[in-house]
$ cat protein-v8.cif   # mmCIF, C-alpha atoms and all ligand atoms
data_my_file
#
loop_
_atom_site.label_atom_id
_atom_site.label_comp_id
_atom_site.auth_asym_id
_atom_site.auth_seq_id
_atom_site.Cartn_x
_atom_site.Cartn_y
_atom_site.Cartn_z
CA MET A 188 0.00 0.00 0.00
CA ILE A 189 1.26 3.49 -0.80
CA THR A 190 0.85 6.38 1.57
CA LEU A 191 1.32 9.60 -0.25
CA ILE A 192 0.60 12.68 1.74
CA PRO A 193 2.11 15.34 3.96
CA ALA A 194 2.07 14.87 7.70
CA ARG A 195 -0.34 17.71 8.12
CA LEU A 196 -2.94 15.66 6.34
CA GLY A 197 -2.15 12.65 8.46
CA GLY A 198 -0.81 10.57 5.61
CA VAL A 199 -4.16 10.50 3.85
CA ILE A 200 -4.90 11.72 0.36
CA PRO A 201 -8.04 13.84 0.40
CA SER A 202 -10.18 12.49 -2.40
CA THR A 203 -10.80 16.02 -3.64
CA HIS A 204 -7.08 16.51 -4.21
CA LEU A 205 -6.15 13.28 -5.88
CA LYS A 206 -8.36 10.65 -7.43
CA SER A 207 -5.70 8.31 -8.77
CA LEU A 208 -2.02 8.22 -9.50
CA THR A 209 0.19 6.00 -11.62
CA ILE A 210 3.83 5.79 -10.62
CA LYS A 211 6.22 4.51 -13.28
CA TYR A 212 9.79 3.50 -12.62
CA HIS A 213 11.56 1.88 -15.61
CA ASN A 214 9.18 -0.89 -16.63
CA ILE A 215 7.46 -1.18 -13.28
CA SER A 216 4.20 0.67 -12.98
CA CYS A 217 2.09 0.98 -9.90
CA ARG A 218 -1.38 2.47 -9.70
CA TYR A 219 -2.85 4.12 -6.65
CA GLN A 220 -6.62 4.45 -6.57
CA SER A 221 -8.11 6.77 -4.01
CA SER A 222 -11.53 5.55 -3.04
CA SER A 223 -13.22 4.82 0.23
CA SER A 224 -13.08 1.08 -0.48
CA SER A 225 -9.42 0.95 -1.51
CA SER A 226 -8.03 3.23 1.13
CA SER A 227 -8.71 2.05 4.59
CA SER A 228 -6.58 4.88 5.97
CA SER A 229 -8.94 7.54 4.64
CA SER A 230 -11.70 6.20 6.80
CA LYS A 231 -9.38 6.55 9.79
CA LYS A 232 -9.19 10.34 9.51
CA SER A 233 -9.52 11.84 12.94
CA SER A 234 -12.12 14.51 13.44
CA SER A 235 -9.39 17.15 13.85
CA GLN A 236 -7.85 16.12 10.52
CA SER A 237 -11.23 16.33 8.83
CA ARG A 238 -11.81 19.74 10.35
CA TRP A 239 -8.35 20.90 9.20
CA LEU A 240 -9.04 19.67 5.65
CA ALA A 241 -12.46 21.27 5.48
CA ARG A 242 -11.12 24.54 6.84
CA SER A 243 -8.27 24.59 4.29
CA ARG A 244 -10.63 23.85 1.42
CA ASN A 245 -12.96 26.67 2.39
CA ASP A 246 -10.32 29.15 3.46
CA PHE A 247 -10.21 32.31 1.34
CA TYR A 248 -6.49 32.95 1.97
CA THR A 249 -5.45 29.36 1.22
CA ARG A 250 -7.26 29.47 -2.12
CA LYS A 251 -5.83 32.88 -2.93
CA ALA A 252 -2.28 31.72 -2.02
CA LYS A 253 -2.63 28.84 -4.49
CA GLU A 254 -3.88 31.16 -7.22
CA MET A 255 -1.00 33.58 -6.66
CA ASN A 256 1.65 30.85 -6.42
CA MET A 257 2.41 31.92 -2.87
CA ARG A 258 4.07 29.13 -0.87
CA SER A 259 1.63 29.42 2.03
CA ARG A 260 -1.24 31.61 3.24
CA ALA A 261 1.15 33.07 5.85
CA GLY A 262 2.40 35.50 3.19
CA PHE A 263 -0.82 37.52 3.48
CA LYS A 264 -0.13 38.17 7.16
CA LEU A 265 3.18 39.82 6.32
CA GLN A 266 1.56 41.84 3.52
CA GLU A 267 -1.05 43.08 5.98
CA ILE A 268 1.58 43.90 8.61
CA ASN A 269 3.53 45.84 6.00
CA SER A 270 0.47 47.76 4.79
CA LYS A 271 0.05 49.08 8.32
CA PHE A 272 3.67 49.53 9.43
CA HIS A 273 5.62 50.10 6.16
CA LEU A 274 8.64 47.97 7.00
CA PHE A 275 9.87 47.29 3.49
CA ASN A 276 11.24 50.04 1.32
CA LYS A 277 11.16 49.79 -2.47
CA SER A 278 13.44 52.77 -2.90
CA LYS A 279 16.12 51.84 -0.35
CA VAL A 280 18.40 48.80 -0.31
CA GLN A 281 17.85 46.78 2.88
CA ASN A 282 19.49 43.77 4.54
CA ILE A 283 16.68 41.49 5.69
CA VAL A 284 16.69 38.28 7.77
CA ASP A 285 13.67 35.97 7.61
CA LEU A 286 13.75 33.62 10.61
CA GLY A 287 11.90 30.33 10.17
CA PHE A 288 11.42 31.09 6.48
CA ALA A 289 10.23 27.64 5.28
CA PRO A 290 8.21 27.00 3.15
CA GLY A 291 9.02 30.52 1.99
CA ALA A 292 5.92 32.72 1.66
CA TRP A 293 7.30 35.52 3.87
CA SER A 294 10.52 35.49 1.86
CA GLN A 295 8.49 35.74 -1.36
CA VAL A 296 6.63 38.74 0.04
CA ALA A 297 9.88 40.31 1.31
CA ALA A 298 11.47 39.91 -2.13
CA SER A 299 8.45 41.44 -3.86
CA LEU A 300 8.10 44.41 -1.49
CA SER A 301 11.74 45.41 -1.14
CA HIS A 302 14.31 47.05 -3.41
CA THR A 303 15.65 44.67 -6.07
CA ASN A 304 19.18 45.02 -4.66
CA SER A 305 18.14 44.17 -1.11
CA LYS A 306 19.80 41.12 0.42
CA ILE A 307 17.39 38.66 1.98
CA LEU A 308 18.58 35.68 4.02
CA GLY A 309 16.15 32.95 5.07
CA VAL A 310 17.08 30.82 8.08
CA ASP A 311 15.29 27.61 8.96
CA ILE A 312 16.04 24.51 10.96
CA LEU A 313 14.47 22.51 8.13
CA PRO A 314 15.90 22.16 4.65
CA CYS A 315 13.97 24.22 2.13
CA LYS A 316 14.78 25.73 -1.25
CA PRO A 317 14.36 29.51 -0.99
CA PRO A 318 12.36 31.54 -3.49
CA LYS A 319 14.08 33.52 -6.25
CA GLY A 320 16.20 36.40 -5.01
CA VAL A 321 16.54 34.94 -1.51
CA SER A 322 19.50 33.04 0.00
CA SER A 323 19.12 30.57 2.81
CA ILE A 324 20.93 28.60 5.46
CA GLN A 325 19.66 25.60 7.34
CA ALA A 326 20.44 26.38 10.94
CA ASN A 327 19.01 26.59 14.42
CA ILE A 328 18.42 30.15 15.61
CA LEU A 329 18.91 28.98 19.20
CA SER A 330 22.56 28.31 18.36
CA LYS A 331 25.04 31.16 18.79
CA ARG A 332 26.96 29.94 15.77
CA THR A 333 23.93 30.70 13.60
CA HIS A 334 24.00 34.35 14.69
CA GLN A 335 27.66 34.55 13.67
CA THR A 336 26.92 32.89 10.30
CA ILE A 337 24.16 35.45 9.64
CA TYR A 338 26.57 38.28 10.44
CA GLU A 339 29.25 36.82 8.19
CA TYR A 340 26.76 36.37 5.39
CA PHE A 341 26.00 40.09 5.29
CA VAL A 342 29.61 41.12 5.73
CA ASN A 343 31.15 38.73 3.27
CA ASN A 344 28.51 36.85 1.39
CA ASP A 345 30.78 35.00 -1.07
CA LYS A 346 33.28 33.77 1.52
CA VAL A 347 30.58 32.48 3.87
CA MET A 348 28.75 30.64 1.14
CA MET A 349 32.02 29.04 -0.05
CA ASN A 350 32.85 27.88 3.49
CA LEU A 351 29.38 26.46 4.00
CA LYS A 352 29.62 24.67 0.66
CA LYS A 353 33.01 23.22 1.63
CA ARG A 354 31.73 22.11 5.04
CA HIS A 355 28.73 20.55 3.36
CA ALA A 356 30.88 18.77 0.75
CA THR A 357 33.18 17.23 3.38
CA ASN A 358 30.26 15.64 5.21
CA ASP A 359 30.36 12.07 3.90
CA GLN A 360 26.98 11.31 5.24
CA GLU A 361 24.33 13.97 5.26
CA SER A 362 23.92 15.03 8.85
CA THR A 363 20.45 15.02 10.28
CA ASP A 364 21.62 17.10 13.20
CA ALA A 365 19.48 20.19 12.89
CA VAL A 366 21.98 22.46 14.58
CA THR A 367 24.56 21.89 11.82
CA ASP A 368 24.81 25.01 9.69
CA LYS A 369 24.58 23.90 6.14
CA LEU A 370 24.14 25.60 2.82
CA VAL A 371 20.80 24.85 1.27
CA SER A 372 21.01 27.20 -1.63
CA LEU A 373 22.15 30.57 -2.76
CA GLY A 374 19.56 32.84 -4.33
CA GLU A 375 20.03 34.00 -7.88
CA ASP A 376 20.59 37.60 -8.86
CA LEU A 377 22.20 38.46 -5.56
CA PRO A 378 23.80 41.87 -5.35
CA THR A 379 27.55 41.40 -4.98
CA LYS A 380 28.09 44.60 -3.03
CA THR A 381 27.75 44.34 0.72
CA ILE A 382 25.58 46.94 2.38
CA ILE A 383 27.04 48.10 5.68
CA ASP A 384 26.70 51.52 7.22
CA LYS A 385 29.79 51.60 9.44
CA LYS A 386 32.81 49.55 8.43
CA ASP A 387 33.70 48.09 11.81
CA SER A 388 30.16 47.79 13.19
CA ARG A 389 28.29 44.55 13.71
CA GLN A 390 25.05 46.39 12.94
CA VAL A 391 24.51 45.09 9.43
CA VAL A 392 20.80 44.26 9.29
CA ASP A 393 17.86 46.62 8.66
CA LEU A 394 14.95 44.29 9.31
CA VAL A 395 14.41 40.96 11.08
CA ILE A 396 11.13 39.15 10.45
CA SER A 397 10.28 36.02 12.37
CA ASP A 398 7.36 33.67 11.90
CA MET A 399 8.97 30.84 13.85
CA TYR A 400 7.42 28.20 15.92
CA ASP A 401 8.69 24.91 17.15
CA PRO A 402 8.68 22.11 14.58
CA LEU A 403 7.70 18.77 16.08
CA PRO A 404 9.57 15.56 15.27
CA GLN A 405 8.46 13.78 12.13
CA VAL A 406 5.71 11.28 12.81
CA THR A 407 4.63 10.31 9.34
CA GLY A 408 5.55 10.71 5.67
CA PHE A 409 8.72 8.61 5.99
CA TRP A 410 8.17 7.30 2.47
CA ASN A 411 9.19 10.71 1.17
CA ASN A 412 12.97 10.89 0.94
CA THR A 413 13.25 14.25 -0.79
CA THR A 414 14.37 16.96 1.57
CA ASN A 415 12.68 19.91 -0.12
CA THR A 416 9.28 19.02 1.21
CA ALA A 417 10.43 18.35 4.75
CA TYR A 418 8.34 21.25 5.98
CA TYR A 419 5.15 19.50 4.92
CA ARG A 420 6.13 16.31 6.71
CA MET A 421 6.31 18.01 10.06
CA ALA A 422 3.42 18.77 12.27
CA ASN A 423 3.82 22.26 13.63
CA THR A 424 2.18 23.57 16.78
CA SER A 425 1.58 20.83 19.30
CA GLY A 426 -1.87 22.10 20.24
CA LEU A 427 -0.70 22.19 23.87
CA LYS A 428 -1.12 25.80 24.98
CA ALA A 429 1.71 25.89 27.51
CA LYS A 430 4.20 24.11 25.25
CA ASP A 431 3.49 26.30 22.22
CA HIS A 432 3.67 29.44 24.31
CA GLY A 433 6.96 28.47 26.01
CA ALA A 434 8.62 27.43 22.75
CA SER A 435 7.51 30.60 21.01
CA MET A 436 8.90 32.78 23.84
CA ASP A 437 12.32 31.09 23.43
CA LEU A 438 12.27 31.64 19.68
CA CYS A 439 11.17 35.30 19.96
CA GLU A 440 13.92 35.95 22.49
CA ALA A 441 16.52 34.31 20.25
CA GLY A 442 15.29 36.68 17.51
CA LEU A 443 15.55 39.63 19.90
CA ILE A 444 19.14 38.71 20.80
CA LEU A 445 19.93 38.58 17.08
CA CYS A 446 18.40 42.07 16.71
CA LEU A 447 20.45 43.44 19.58
CA GLU A 448 23.59 41.99 18.02
CA LEU A 449 23.07 42.82 14.36
CA LEU A 450 20.24 45.32 13.83
CA LYS A 451 21.16 48.85 12.79
CA ASP A 452 19.98 51.71 15.00
CA GLY A 453 16.43 52.50 13.91
CA GLY A 454 15.95 48.98 12.49
CA ALA A 455 12.79 46.89 12.91
CA TYR A 456 11.78 43.46 14.21
CA VAL A 457 8.53 41.60 13.61
CA CYS A 458 7.91 38.39 15.53
CA LYS A 459 5.06 35.96 15.74
CA PHE A 460 4.30 34.64 19.23
CA TYR A 461 1.78 32.40 20.91
CA SER A 462 0.09 34.38 23.63
CA GLY A 463 0.28 33.24 27.25
CA GLY A 464 1.49 34.26 30.69
CA GLU A 465 5.04 35.18 29.71
CA ASP A 466 4.39 37.46 26.76
CA VAL A 467 4.34 40.52 29.04
CA VAL A 468 7.97 39.71 29.95
CA LEU A 469 8.86 39.53 26.27
CA GLU A 470 7.01 42.79 25.61
CA HIS A 471 8.92 44.48 28.43
CA ARG A 472 12.24 43.36 26.89
CA LEU A 473 11.14 44.53 23.45
CA ARG A 474 10.21 47.95 24.87
CA LYS A 475 13.69 48.25 26.37
CA SER A 476 15.12 47.63 22.89
CA PHE A 477 12.82 49.55 20.52
CA ASP A 478 11.18 53.00 20.44
CA SER A 479 7.81 51.59 19.43
CA VAL A 480 6.30 48.15 20.12
CA THR A 481 2.80 47.24 18.89
CA ARG A 482 0.78 44.05 19.25
CA PHE A 483 -0.97 43.38 15.97
CA LYS A 484 -3.10 40.49 14.76
CA PRO A 485 -3.40 40.73 10.97
CA PRO A 486 -6.83 39.88 9.50
CA ALA A 487 -5.30 36.83 7.73
CA SER A 488 -4.45 35.29 11.12
CA ARG A 489 -7.30 33.02 12.14
CA SER A 490 -9.29 34.46 15.01
CA GLU A 491 -9.32 31.10 16.84
CA SER A 492 -5.51 30.92 16.73
CA ARG A 493 -3.50 32.10 19.74
CA GLU A 494 -0.85 33.53 17.44
CA ASP A 495 -0.21 37.24 17.57
CA TYR A 496 2.59 39.53 16.35
CA PHE A 497 4.85 42.13 17.91
CA VAL A 498 5.88 44.84 15.47
CA CYS A 499 8.91 46.67 16.88
CA ARG A 500 10.33 49.75 15.21
CA GLY A 501 13.26 52.03 15.94
CA ARG A 502 15.98 49.89 17.49
CA LYS A 503 17.43 52.02 20.28
CA PRO A 504 21.14 52.81 20.02
CA GLY A 505 23.51 51.30 22.57
CA VAL A 506 21.14 48.64 23.95
CA THR A 507 22.90 45.29 24.47
CA PRO A 508 21.56 41.78 25.18
CA ARG A 509 23.08 42.02 28.66
CA GLY A 510 21.25 45.30 29.29
CA VAL A 511 17.93 43.77 28.29
CA PHE A 512 18.17 40.27 29.73
CA VAL A 513 20.28 40.63 32.86
C1 LIG A 601 5.10 28.97 10.43
S1 LIG A 601 6.56 28.33 9.76
C2 LIG A 601 7.12 29.73 8.87
C3 LIG A 601 6.29 30.02 7.66
C4 LIG A 601 6.99 31.04 6.77
N1 LIG A 601 7.06 32.33 7.43
C5 LIG A 601 6.28 31.22 5.47
O1 LIG A 601 5.71 32.26 5.23
O2 LIG A 601 6.31 30.31 4.65
C6 LIG A 601 7.64 28.28 11.13
C7 LIG A 601 9.06 27.84 10.76
O3 LIG A 601 9.92 28.08 11.87
C8 LIG A 601 10.96 27.12 11.79
N2 LIG A 601 11.70 27.02 13.06
C9 LIG A 601 11.22 26.59 14.24
N3 LIG A 601 12.17 26.57 15.19
C10 LIG A 601 13.30 27.02 14.59
C11 LIG A 601 14.64 27.24 15.05
N4 LIG A 601 14.99 26.95 16.30
N5 LIG A 601 15.55 27.72 14.18
C12 LIG A 601 15.20 27.97 12.90
N6 LIG A 601 13.94 27.78 12.40
C13 LIG A 601 13.00 27.32 13.23
C14 LIG A 601 10.21 25.85 11.46
O4 LIG A 601 11.08 24.89 10.91
C15 LIG A 601 9.17 26.36 10.46
O5 LIG A 601 9.60 26.17 9.14
#

$ encode --input "protein-v8.cif" --output "structure tokens"
Amino acid sequence: MITLIPARLGGVIPSTHLKSLTIKYHNISCRYQSSSSSSSSSSKKSSSQSRWLARSRNDFYTRKAKEMNMRSRAGFKLQEINSKFHLFNKSKVQNIVDLGFAPGAWSQVAASLSHTNSKILGVDILPCKPPKGVSSIQANILSKRTHQTIYEYFVNNDKVMMNLKKRHATNDQESTDAVTDKLVSLGEDLPTKTIIDKKDSRQVVDLVISDMYDPLPQVTGFWNNTTNTAYYRMANTSGLKAKDHGASMDLCEAGLILCLELLKDGGAYVCKFYSGGEDVVLEHRLRKSFDSVTRFKPPASRSESREDYFVCRGRKPGVTPRGVFV
């Protein structure tokens, strides 16, 4: 029996998506027929999976994302945030970091809303091919080494990419260790000139956007051995309020530390978080670091979801991680 579907769909092909499929490999051909009688797994759909499928089918933003070739509906949230807060600048070159960029909708939006010479770096713990005009590294933002790699990327793009390529090439066996920095791909049409205000400053980034949340270990979809679709094999939020909230606080704070290390004075930070008891602590730290901090839930974010966004503008000069966290 063949199981053919992303983890999010629980390993079940929704009949509306795929009626049948013939797989050919040399002279072997195998036919998959999706019907209630042939697929016992489809009848095992849990009620939450059925709800998720029905909601996706009827969702305005999901349909629109498909029409517009946007990698996920999340892209609309960033568009809405930008319409209100004007973070991207078409007439000014910006250095932009997209944390947790996979599958890549925010990066697509960033590339479309910013100056063509802007440098955009996507960072994700999962392997994912970035959209056109965006570079990416596979790395864990909770690792200090990742922060250094991001800095080096903006200071000396070519050298960093060469080193990552070399490190990748010397790995005999592909490492599954998610904290290993590894080149996934280098965007096309990258500007070769590095954009730094002050020569000896570490403040090299204009904007950090973060839509991260904790990816859960893979539970299904093991048949799929291509790495590009890894994102779809992972479940995302656990559904456990306290766990999602705690994990999102850690990720937002890792993003804030990155901002305090690399963001130019006046720069901006957008981060998604799952609301809960500790978000006031995060907000307090953000206020110490930025002139303006606003909680904003874009219309594209589902009202039943506990996700919310902090939009922080005007990075204050001279604020250090020690000053904010200690
Ligand atoms: C909601 S998805 C991002 C969607 C993306 N903004 C888009 O528009 O397509 C959250 C991402 O955060 C990533 N992530 C979670 N923890 C991470 C970490 N510690 N370091 C890097 N990426 C992480 C996950 O792998 C996942 O791809």

$ residues_around --input "protein-v8.cif" --residues "Leu394 (chain A)" --least-positions-apart "5" --cutoff "10 Å" --atoms "all atoms listed in the file" --output "list in words"
Leu274, Phe275, Gln281, Asn282, Ile283, Val284, Asp285, Ile307, Cys446, Leu449, Leu450, Lys451, Gly453, Gly454, Ala455, Tyr456, Val457, Cys499, Arg500 and Arg502 of chain A

$ atom_distance --input "protein-v8.cif" --atom1 "CA of Gly463 (chain A)" --atom2 "CA of Glu494 (chain A)"
9.9 Å

$ residues_near_ligand --input "protein-v8.cif" --ligand "ligand LIG 601 (chain A)" --cutoff "8 Å" --atoms "all atoms listed in the file" --output "JSON, numbers by chain"
{"A": [258, 259, 260, 261, 262, 285, 286, 287, 288, 289, 290, 291, 292, 293, 294, 295, 310, 311, 312, 313, 325, 326, 327, 328, 329, 330, 397, 398, 399, 400, 401, 402, 418, 423, 438]}

$ atom_distance --input "protein-v8.cif" --atom1 "CA of Val391 (chain A)" --atom2 "CA of Lys459 (chain A)"
22.4 Å

$ closest_residue --input "protein-v8.cif" --among "A:Val280, A:Ala298, A:Met257, A:Cys458" --to "Val392 (chain A)" --atoms "only C-alpha atoms"
A:Val280
